[in-house]
>>> print(open('protein_20.cif').read())   # mmCIF, C-alpha atoms
data_query
loop_
_atom_site.group_PDB
_atom_site.id
_atom_site.type_symbol
_atom_site.label_atom_id
_atom_site.label_comp_id
_atom_site.auth_asym_id
_atom_site.auth_seq_id
_atom_site.Cartn_x
_atom_site.Cartn_y
_atom_site.Cartn_z
ATOM 1 C CA MET A 1 -32.881 186.259 69.987
ATOM 2 C CA THR A 2 -35.572 188.662 71.157
ATOM 3 C CA ILE A 3 -34.762 192.382 71.039
ATOM 4 C CA GLY A 4 -36.580 194.869 73.261
ATOM 5 C CA ILE A 5 -36.700 198.634 72.837
ATOM 6 C CA THR A 6 -37.827 201.039 75.551
ATOM 7 C CA GLY A 7 -39.228 204.407 74.540
ATOM 8 C CA ALA A 8 -40.331 202.782 71.299
ATOM 9 C CA GLY A 9 -43.090 205.343 70.824
ATOM 10 C CA GLY A 10 -40.563 208.177 70.648
ATOM 11 C CA GLN A 11 -38.682 209.465 67.624
ATOM 12 C CA LEU A 12 -35.446 207.568 68.210
ATOM 13 C CA GLY A 13 -37.318 204.415 69.201
ATOM 14 C CA GLY A 14 -39.407 204.513 66.049
ATOM 15 C CA SER A 15 -36.333 205.043 63.915
ATOM 16 C CA VAL A 16 -34.615 202.058 65.556
ATOM 17 C CA LEU A 17 -37.671 199.892 64.882
ATOM 18 C CA ASN A 18 -37.588 200.871 61.214
ATOM 19 C CA GLU A 19 -33.860 200.174 60.989
ATOM 20 C CA LEU A 20 -34.252 196.730 62.542
ATOM 21 C CA LEU A 21 -37.033 195.772 60.133
ATOM 22 C CA ASN A 22 -35.203 197.214 57.129
ATOM 23 C CA ARG A 23 -32.130 195.177 58.081
ATOM 24 C CA GLY A 24 -34.075 191.934 58.085
ATOM 25 C CA ALA A 25 -35.030 191.474 61.724
ATOM 26 C CA LYS A 26 -38.145 189.336 62.108
ATOM 27 C CA PRO A 27 -41.051 191.341 63.574
ATOM 28 C CA ALA A 28 -41.824 188.437 65.901
ATOM 29 C CA ASP A 29 -38.363 188.849 67.451
ATOM 30 C CA ILE A 30 -38.934 192.503 68.404
ATOM 31 C CA VAL A 31 -40.675 193.817 71.519
ATOM 32 C CA ALA A 32 -41.544 197.524 71.480
ATOM 33 C CA ILE A 33 -42.115 198.966 74.961
ATOM 34 C CA THR A 34 -43.914 202.289 75.322
ATOM 35 C CA ARG A 35 -46.180 204.326 77.570
ATOM 36 C CA THR A 36 -48.449 204.833 74.558
ATOM 37 C CA PRO A 37 -49.028 201.492 72.780
ATOM 38 C CA GLU A 38 -51.626 203.073 70.502
ATOM 39 C CA LYS A 39 -48.843 205.017 68.767
ATOM 40 C CA LEU A 40 -47.296 201.775 67.544
ATOM 41 C CA SER A 41 -50.327 200.215 65.881
ATOM 42 C CA ALA A 42 -48.579 200.248 62.490
ATOM 43 C CA PHE A 43 -45.663 198.229 63.903
ATOM 44 C CA ALA A 44 -48.064 195.886 65.704
ATOM 45 C CA ALA A 45 -49.793 195.276 62.361
ATOM 46 C CA LYS A 46 -46.423 194.150 60.978
ATOM 47 C CA GLY A 47 -46.055 191.571 63.748
ATOM 48 C CA VAL A 48 -43.979 193.501 66.286
ATOM 49 C CA THR A 49 -44.996 192.781 69.871
ATOM 50 C CA VAL A 50 -46.063 196.016 71.577
ATOM 51 C CA ARG A 51 -46.135 196.171 75.372
ATOM 52 C CA ALA A 52 -47.047 198.904 77.815
ATOM 53 C CA GLY A 53 -44.172 199.989 80.020
ATOM 54 C CA ASP A 54 -43.566 203.173 81.989
ATOM 55 C CA PHE A 55 -40.350 204.098 83.789
ATOM 56 C CA ASP A 56 -42.502 206.032 86.270
ATOM 57 C CA ALA A 57 -44.271 202.761 87.144
ATOM 58 C CA PRO A 58 -41.273 200.465 87.758
ATOM 59 C CA ALA A 59 -43.352 197.677 89.315
ATOM 60 C CA GLY A 60 -44.629 196.739 85.863
ATOM 61 C CA LEU A 61 -41.342 196.914 83.991
ATOM 62 C CA ALA A 62 -40.162 193.381 84.759
ATOM 63 C CA ALA A 63 -43.299 191.995 83.102
ATOM 64 C CA ALA A 64 -42.743 194.279 80.111
ATOM 65 C CA PHE A 65 -39.165 192.999 79.786
ATOM 66 C CA LYS A 66 -40.062 189.301 80.156
ATOM 67 C CA GLY A 67 -38.521 187.060 77.492
ATOM 68 C CA ILE A 68 -36.218 189.760 76.096
ATOM 69 C CA ASP A 69 -32.607 188.751 75.452
ATOM 70 C CA LYS A 70 -31.127 192.101 74.408
ATOM 71 C CA LEU A 71 -32.717 195.310 75.705
ATOM 72 C CA LEU A 72 -32.126 198.805 74.332
ATOM 73 C CA ILE A 73 -32.697 201.426 77.036
ATOM 74 C CA ILE A 74 -33.422 204.822 75.511
ATOM 75 C CA PRO A 75 -33.244 207.610 78.124
ATOM 76 C CA THR A 76 -36.515 209.141 79.202
ATOM 77 C CA SER A 77 -37.392 212.635 78.028
ATOM 78 C CA ASP A 78 -38.050 213.924 81.550
ATOM 79 C CA LEU A 79 -35.678 216.861 82.117
ATOM 80 C CA ARG A 80 -36.725 217.644 85.693
ATOM 81 C CA PRO A 81 -33.661 217.562 87.962
ATOM 82 C CA GLY A 82 -33.107 214.315 89.818
ATOM 83 C CA ILE A 83 -35.781 212.347 87.945
ATOM 84 C CA ARG A 84 -33.990 210.437 85.187
ATOM 85 C CA THR A 85 -31.406 208.615 87.309
ATOM 86 C CA PRO A 86 -33.948 206.732 89.480
ATOM 87 C CA GLN A 87 -36.069 206.055 86.376
ATOM 88 C CA HIS A 88 -33.132 204.476 84.569
ATOM 89 C CA LYS A 89 -31.852 202.546 87.574
ATOM 90 C CA ALA A 90 -35.325 201.096 88.090
ATOM 91 C CA ALA A 91 -35.325 199.961 84.454
ATOM 92 C CA VAL A 92 -31.934 198.283 84.860
ATOM 93 C CA ALA A 93 -33.119 196.509 88.019
ATOM 94 C CA ALA A 94 -36.256 195.348 86.212
ATOM 95 C CA ALA A 95 -34.165 194.063 83.315
ATOM 96 C CA LYS A 96 -32.107 191.949 85.691
ATOM 97 C CA GLN A 97 -35.235 190.688 87.439
ATOM 98 C CA ALA A 98 -36.778 189.745 84.078
ATOM 99 C CA GLY A 99 -33.740 187.736 83.016
ATOM 100 C CA VAL A 100 -32.537 190.086 80.262
ATOM 101 C CA LYS A 101 -29.095 188.947 79.134
ATOM 102 C CA HIS A 102 -27.674 192.115 77.584
ATOM 103 C CA VAL A 103 -28.488 195.807 78.094
ATOM 104 C CA VAL A 104 -27.612 198.483 75.519
ATOM 105 C CA TYR A 105 -27.819 202.028 76.898
ATOM 106 C CA VAL A 106 -27.929 205.274 74.920
ATOM 107 C CA SER A 107 -25.659 207.745 76.715
ATOM 108 C CA THR A 108 -23.877 210.925 75.616
ATOM 109 C CA VAL A 109 -20.320 211.727 74.572
ATOM 110 C CA ALA A 110 -20.348 214.483 77.219
ATOM 111 C CA VAL A 111 -21.146 212.181 80.143
ATOM 112 C CA ARG A 112 -19.727 213.685 83.335
ATOM 113 C CA PRO A 113 -20.560 214.630 86.923
ATOM 114 C CA GLY A 114 -22.081 217.986 87.719
ATOM 115 C CA GLN A 115 -24.683 219.164 85.221
ATOM 116 C CA ASP A 116 -27.879 217.221 85.917
ATOM 117 C CA LEU A 117 -28.536 215.929 82.395
ATOM 118 C CA MET A 118 -24.974 214.638 81.957
ATOM 119 C CA GLN A 119 -24.875 213.377 85.544
ATOM 120 C CA SER A 120 -27.951 211.222 84.899
ATOM 121 C CA HIS A 121 -26.111 209.462 82.080
ATOM 122 C CA LEU A 122 -23.053 208.926 84.274
ATOM 123 C CA ASP A 123 -25.160 207.532 87.113
ATOM 124 C CA THR A 124 -26.996 205.204 84.723
ATOM 125 C CA GLU A 125 -23.758 203.926 83.208
ATOM 126 C CA GLN A 126 -22.377 203.224 86.684
ATOM 127 C CA GLY A 127 -25.583 201.429 87.637
ATOM 128 C CA ILE A 128 -25.360 199.234 84.546
ATOM 129 C CA TYR A 129 -21.720 198.358 85.229
ATOM 130 C CA ALA A 130 -22.658 197.334 88.774
ATOM 131 C CA SER A 131 -25.711 195.310 87.714
ATOM 132 C CA GLY A 132 -23.835 192.205 86.625
ATOM 133 C CA LEU A 133 -25.609 192.232 83.255
ATOM 134 C CA ASN A 134 -23.790 192.139 79.957
ATOM 135 C CA TRP A 135 -23.743 195.688 78.656
ATOM 136 C CA THR A 136 -22.914 197.986 75.754
ATOM 137 C CA ILE A 137 -22.823 201.769 76.100
ATOM 138 C CA VAL A 138 -23.504 203.901 73.024
ATOM 139 C CA ARG A 139 -22.550 207.510 73.736
ATOM 140 C CA MET A 140 -24.038 209.764 71.092
ATOM 141 C CA GLY A 141 -23.455 213.313 69.934
ATOM 142 C CA MET A 142 -26.282 215.834 69.831
ATOM 143 C CA TYR A 143 -28.889 215.690 67.090
ATOM 144 C CA PHE A 144 -28.960 217.895 64.008
ATOM 145 C CA GLU A 145 -32.716 217.859 64.662
ATOM 146 C CA ASN A 146 -32.169 220.089 67.710
ATOM 147 C CA LEU A 147 -31.738 222.986 65.268
ATOM 148 C CA PHE A 148 -35.471 222.752 64.600
ATOM 149 C CA MET A 149 -36.235 223.670 68.223
ATOM 150 C CA GLY A 150 -35.973 227.338 67.274
ATOM 151 C CA ALA A 151 -32.303 227.916 66.482
ATOM 152 C CA LEU A 152 -32.660 227.375 62.741
ATOM 153 C CA GLN A 153 -35.757 229.525 62.407
ATOM 154 C CA HIS A 154 -34.105 232.299 64.431
ATOM 155 C CA ALA A 155 -30.941 232.107 62.314
ATOM 156 C CA LEU A 156 -32.911 232.431 59.089
ATOM 157 C CA ALA A 157 -35.033 235.287 60.424
ATOM 158 C CA SER A 158 -32.258 237.281 62.128
ATOM 159 C CA GLY A 159 -29.164 236.281 60.192
ATOM 160 C CA HIS A 160 -27.450 235.164 63.400
ATOM 161 C CA PHE A 161 -26.786 231.697 64.787
ATOM 162 C CA GLY A 162 -26.237 231.950 68.531
ATOM 163 C CA ALA A 163 -23.793 229.912 70.606
ATOM 164 C CA THR A 164 -22.154 230.402 74.004
ATOM 165 C CA GLY A 165 -18.670 229.597 72.725
ATOM 166 C CA PRO A 166 -16.675 229.015 69.527
ATOM 167 C CA ALA A 167 -15.810 225.338 70.095
ATOM 168 C CA PRO A 168 -16.839 222.852 67.373
ATOM 169 C CA VAL A 169 -19.409 220.077 67.786
ATOM 170 C CA ALA A 170 -19.742 216.741 65.975
ATOM 171 C CA ASN A 171 -23.526 216.518 65.811
ATOM 172 C CA LEU A 172 -25.397 214.015 63.654
ATOM 173 C CA ALA A 173 -28.812 212.962 62.389
ATOM 174 C CA ARG A 174 -31.137 210.906 64.570
ATOM 175 C CA ASP A 175 -31.472 208.243 61.880
ATOM 176 C CA ASP A 176 -27.700 207.688 61.918
ATOM 177 C CA VAL A 177 -27.837 207.095 65.671
ATOM 178 C CA ALA A 178 -30.670 204.620 65.079
ATOM 179 C CA ALA A 179 -28.690 202.826 62.374
ATOM 180 C CA ALA A 180 -25.716 202.428 64.706
ATOM 181 C CA LEU A 181 -27.960 201.120 67.482
ATOM 182 C CA ALA A 182 -29.553 198.618 65.105
ATOM 183 C CA GLY A 183 -26.058 197.428 64.216
ATOM 184 C CA VAL A 184 -25.328 196.769 67.884
ATOM 185 C CA LEU A 185 -28.669 195.060 68.497
ATOM 186 C CA LEU A 186 -28.384 192.745 65.496
ATOM 187 C CA GLY A 187 -24.645 192.160 65.790
ATOM 188 C CA SER A 188 -22.478 190.180 68.179
ATOM 189 C CA GLY A 189 -19.311 190.781 70.150
ATOM 190 C CA HIS A 190 -20.379 194.186 71.506
ATOM 191 C CA GLU A 191 -20.487 193.186 75.167
ATOM 192 C CA GLY A 192 -18.329 195.376 77.386
ATOM 193 C CA SER A 193 -17.833 198.017 74.661
ATOM 194 C CA VAL A 194 -18.316 201.772 74.868
ATOM 195 C CA TYR A 195 -18.979 203.409 71.481
ATOM 196 C CA HIS A 196 -19.036 207.091 70.577
ATOM 197 C CA VAL A 197 -21.592 207.674 67.836
ATOM 198 C CA THR A 198 -20.868 211.092 66.353
ATOM 199 C CA GLY A 199 -20.996 213.076 63.159
ATOM 200 C CA GLY A 200 -18.280 212.628 60.583
ATOM 201 C CA ALA A 201 -16.854 216.100 61.214
ATOM 202 C CA SER A 202 -16.825 218.778 63.899
ATOM 203 C CA LEU A 203 -18.231 222.161 62.920
ATOM 204 C CA THR A 204 -17.714 225.463 64.713
ATOM 205 C CA PRO A 205 -20.693 227.793 65.194
ATOM 206 C CA ALA A 206 -19.289 229.869 62.311
ATOM 207 C CA GLU A 207 -19.239 226.786 60.073
ATOM 208 C CA ILE A 208 -22.767 225.818 61.126
ATOM 209 C CA ALA A 209 -23.944 229.347 60.347
ATOM 210 C CA ALA A 210 -22.237 229.276 56.950
ATOM 211 C CA THR A 211 -23.810 225.900 56.150
ATOM 212 C CA ILE A 212 -27.282 227.182 57.028
ATOM 213 C CA GLY A 213 -26.681 230.214 54.833
ATOM 214 C CA GLN A 214 -25.457 228.100 51.921
ATOM 215 C CA VAL A 215 -28.379 225.708 51.994
ATOM 216 C CA PHE A 216 -31.074 228.357 52.378
ATOM 217 C CA GLY A 217 -29.430 231.069 50.320
ATOM 218 C CA LYS A 218 -29.426 233.629 53.122
ATOM 219 C CA PRO A 219 -26.513 235.336 54.912
ATOM 220 C CA VAL A 220 -26.108 233.833 58.389
ATOM 221 C CA GLN A 221 -23.292 234.578 60.809
ATOM 222 C CA ALA A 222 -22.346 233.080 64.163
ATOM 223 C CA ALA A 223 -23.005 235.207 67.250
ATOM 224 C CA ILE A 224 -21.175 234.267 70.437
ATOM 225 C CA ILE A 225 -23.405 235.309 73.314
ATOM 226 C CA THR A 226 -23.302 235.053 77.089
ATOM 227 C CA ASP A 227 -24.977 232.320 79.093
ATOM 228 C CA GLU A 228 -27.397 234.941 80.404
ATOM 229 C CA GLN A 229 -28.372 236.033 76.898
ATOM 230 C CA TYR A 230 -28.782 232.426 75.790
ATOM 231 C CA ALA A 231 -30.962 231.561 78.787
ATOM 232 C CA GLY A 232 -32.940 234.782 78.340
ATOM 233 C CA GLY A 233 -33.856 233.820 74.803
ATOM 234 C CA LEU A 234 -35.068 230.425 75.953
ATOM 235 C CA LYS A 235 -37.132 231.968 78.752
ATOM 236 C CA ALA A 236 -38.617 234.474 76.319
ATOM 237 C CA ALA A 237 -39.801 231.508 74.259
ATOM 238 C CA GLY A 238 -41.837 230.401 77.272
ATOM 239 C CA LEU A 239 -39.790 227.367 78.293
ATOM 240 C CA PRO A 240 -39.933 226.227 81.947
ATOM 241 C CA ASP A 241 -36.885 226.979 84.081
ATOM 242 C CA PHE A 242 -35.817 223.332 84.311
ATOM 243 C CA VAL A 243 -35.898 223.003 80.507
ATOM 244 C CA VAL A 244 -33.923 226.248 80.141
ATOM 245 C CA GLU A 245 -31.343 224.875 82.575
ATOM 246 C CA ALA A 246 -31.024 221.621 80.642
ATOM 247 C CA ILE A 247 -30.670 223.287 77.223
ATOM 248 C CA LEU A 248 -28.237 225.863 78.613
ATOM 249 C CA GLY A 249 -26.248 222.990 80.110
ATOM 250 C CA ILE A 250 -25.896 221.439 76.652
ATOM 251 C CA ALA A 251 -24.772 224.792 75.220
ATOM 252 C CA GLN A 252 -22.208 225.176 78.002
ATOM 253 C CA THR A 253 -21.013 221.639 77.378
ATOM 254 C CA ALA A 254 -20.528 222.469 73.699
ATOM 255 C CA ALA A 255 -18.693 225.687 74.570
ATOM 256 C CA LYS A 256 -16.196 223.690 76.650
ATOM 257 C CA GLY A 257 -15.365 221.544 73.619
ATOM 258 C CA MET A 258 -16.858 218.404 75.139
ATOM 259 C CA LEU A 259 -18.950 217.685 72.030
ATOM 260 C CA ASP A 260 -15.909 217.934 69.754
ATOM 261 C CA VAL A 261 -15.587 214.158 69.408
ATOM 262 C CA VAL A 262 -15.291 212.542 65.966
ATOM 263 C CA THR A 263 -15.117 208.771 65.582
ATOM 264 C CA GLY A 264 -15.868 206.210 62.905
ATOM 265 C CA ASP A 265 -18.339 204.354 65.099
ATOM 266 C CA VAL A 266 -21.459 205.203 63.068
ATOM 267 C CA GLU A 267 -19.967 203.628 59.954
ATOM 268 C CA ARG A 268 -18.380 200.815 61.948
ATOM 269 C CA LEU A 269 -21.685 199.819 63.536
ATOM 270 C CA SER A 270 -24.172 200.681 60.798
ATOM 271 C CA GLY A 271 -22.173 200.076 57.637
ATOM 272 C CA ARG A 272 -22.802 203.591 56.317
ATOM 273 C CA LYS A 273 -21.263 207.005 56.825
ATOM 274 C CA PRO A 274 -23.255 209.617 58.773
ATOM 275 C CA ILE A 275 -24.811 212.306 56.614
ATOM 276 C CA THR A 276 -23.430 215.835 56.770
ATOM 277 C CA LEU A 277 -25.223 218.878 58.125
ATOM 278 C CA ALA A 278 -25.534 220.267 54.594
ATOM 279 C CA GLU A 279 -27.164 217.036 53.390
ATOM 280 C CA PHE A 280 -29.459 216.961 56.401
ATOM 281 C CA LEU A 281 -30.658 220.540 55.906
ATOM 282 C CA ALA A 282 -31.024 220.205 52.141
ATOM 283 C CA ALA A 283 -33.278 217.183 52.594
ATOM 284 C CA ARG A 284 -35.530 219.235 54.896
ATOM 285 C CA LYS A 285 -35.427 222.551 53.078
ATOM 286 C CA GLN A 286 -39.058 222.335 51.961
ATOM 287 C CA GLN A 287 -40.136 221.500 55.495
ATOM 288 C CA VAL A 288 -38.617 224.742 56.761
ATOM 289 C CA ALA A 289 -39.986 226.776 53.857
ATOM 290 C CA ALA A 290 -43.446 225.466 54.637
#
>>> encode(input="protein_20.cif", output="structure tokens")
Amino acid sequence: MTIGITGAGGQLGGSVLNELLNRGAKPADIVAITRTPEKLSAFAAKGVTVRAGDFDAPAGLAAAFKGIDKLLIIPTSDLRPGIRTPQHKAAVAAAKQAGVKHVVYVSTVAVRPGQDLMQSHLDTEQGIYASGLNWTIVRMGMYFENLFMGALQHALASGHFGATGPAPVANLARDDVAAALAGVLLGSGHEGSVYHVTGGASLTPAEIAATIGQVFGKPVQAAIITDEQYAGGLKAAGLPDFVVEAILGIAQTAAKGMLDVVTGDVERLSGRKPITLAEFLAARKQQVAA
């Protein structure tokens, strides 16, 4: 069985590649598809097939997917409104054209109509269901790593961890998502299943703040702020409006309790429990100090 991974040059794609190899997958049975093949030279040296493929150039995707039995579609990183849905649907169409037997799509636990980022996942899921291909949907929680996009540094500097509501979230580490995906790709019997890959516990903003404070030895408290204040902070950091809208949409989603989903799917699929936020931060403490 040949396994293909789109977005293989990205952080999640690279982590999935490592998980597959660490779990005994033969390099010759893996096809890594990326816009930047030069980034994957180390995997190519191990025997992984690296192919160029760009969701913005759909005409070439069928060739990139040729000979793949099970294809992991990792969402593109393009946050511009209205862009991701056609990108993903083109990839699904190319997979069918190429004769792919089974598509695995990385979605989100907060999939829903309305907010553009979540809508793109919903539209992609619907397109996969309608494609006639065998499918598995893996809906994931948000990454712990997102804290490193400024929230953690701000919390340590100011003593306040900002959120737009008090609802808890069941976030998790990227590597635990990758481990669950590798379990699906190497396993059998996952066709027609929808999994929810989440952290082992939901934490409120107050609990996240307390965890940050414990690990780093600094007093940190949660600060519930308005959407306008949250967006203003992002704009002050120089982020484009469409990125501000996307990140604010995630914060609003969290505030509505839509990320408060805890399942055992990480352990079920990967064979290991997801790490906790405290473990995640402790392992990266030196990185932040540096």
>>> resolve_selection(input="protein_20.cif", expression="the PyMOL selection byres ((chain A and resi 201) around 9)", output="number ranges by chain")
A: 169-171, 198-200, 202-203, 260-263, 276
>>> closest_residue(input="protein_20.cif", among="A:Ile83, A:Ala209, A:Val106, A:Ala59", to="A:Ala180", atoms="only C-alpha atoms")
A:Val106
>>> resolve_selection(input="protein_20.cif", expression="the PyMOL selection byres ((chain A and resi 152) around 12)", output="PyMOL selection string")
chain A and resi 144-151+153-162+208-209+211-213+215-216+218+220-222+281+284-285+287-289
>>> closest_residue(input="protein_20.cif", among="A:Thr136, A:Ser107, A:Thr164, A:Thr226", to="A:Ser193", atoms="only C-alpha atoms")
A:Thr136
>>> closest_residue(input="protein_20.cif", among="A:Leu71, A:Val109, A:Leu17, A:Ala63", to="A:Leu259", atoms="only C-alpha atoms")
A:Val109
>>> atom_distance(input="protein_20.cif", atom1="atom CA of A:Thr204", atom2="atom CA of A:Ala167")
5.7 Å
>>> atom_distance(input="protein_20.cif", atom1="atom CA of A:Lys89", atom2="atom CA of A:Asp116")
15.3 Å
>>> resolve_selection(input="protein_20.cif", expression="the PyMOL selection byres ((chain A and resi 26) around 12)", output="MDAnalysis selection string")
chainID A and resid 1:3 17:25 27:31 43 46:49 186
>>> closest_atom_pairs(input="protein_20.cif", of="stretch 62-134 of chain A", to="stretch 12-15 of chain A", cutoff="10 Å", atoms="all atoms listed in the file", output="Markdown table")
| residue | atom | partner | partner_atom | distance |
| --- | --- | --- | --- | --- |
| A:Leu72 | CA | A:Gly13 | CA | 9.2 |
| A:Ile73 | CA | A:Gly13 | CA | 9.6 |
| A:Ile74 | CA | A:Gly13 | CA | 7.4 |
>>> residues_around(input="protein_20.cif", residues="stretch 241-255 of chain A", least_positions_apart="2", cutoff="7 Å", atoms="only C-alpha atoms", output="list of chain:residue names")
A:Leu79, A:Arg80, A:Gln115, A:Leu117, A:Ala163, A:Thr164, A:Gly165, A:Pro166, A:Ala167, A:Val169, A:Ala231, A:Leu234, A:Lys235, A:Leu239, A:Gly257, A:Met258, A:Leu259
>>> closest_residue(input="protein_20.cif", among="A:Ile275, A:Ala98, A:Ala45, A:Ala90", to="A:Thr124", atoms="only C-alpha atoms")
A:Ala90
>>> atom_distance(input="protein_20.cif", atom1="atom CA of A:Ala130", atom2="atom CA of A:Pro81")
23.0 Å
>>> closest_residue(input="protein_20.cif", among="A:Ala110, A:Ile128, A:His121, A:Ile225", to="A:Lys256", atoms="only C-alpha atoms")
A:Ala110
>>> closest_residue(input="protein_20.cif", among="A:Thr76, A:Gln11, A:Gln87, A:Thr6", to="A:Val50", atoms="only C-alpha atoms")
A:Thr6
>>> residues_around(input="protein_20.cif", residues="A:Thr34", least_positions_apart="2", cutoff="7 Å", atoms="all atoms listed in the file", output="JSON, numbers by chain")
{"A": [6, 7, 8, 9, 32, 36, 37, 51, 52, 53, 54]}
>>> residues_around(input="protein_20.cif", residues="A:Val194", least_positions_apart="5", cutoff="8 Å", atoms="only C-alpha atoms", output="JSON, numbers by chain")
{"A": [136, 137, 138, 139]}
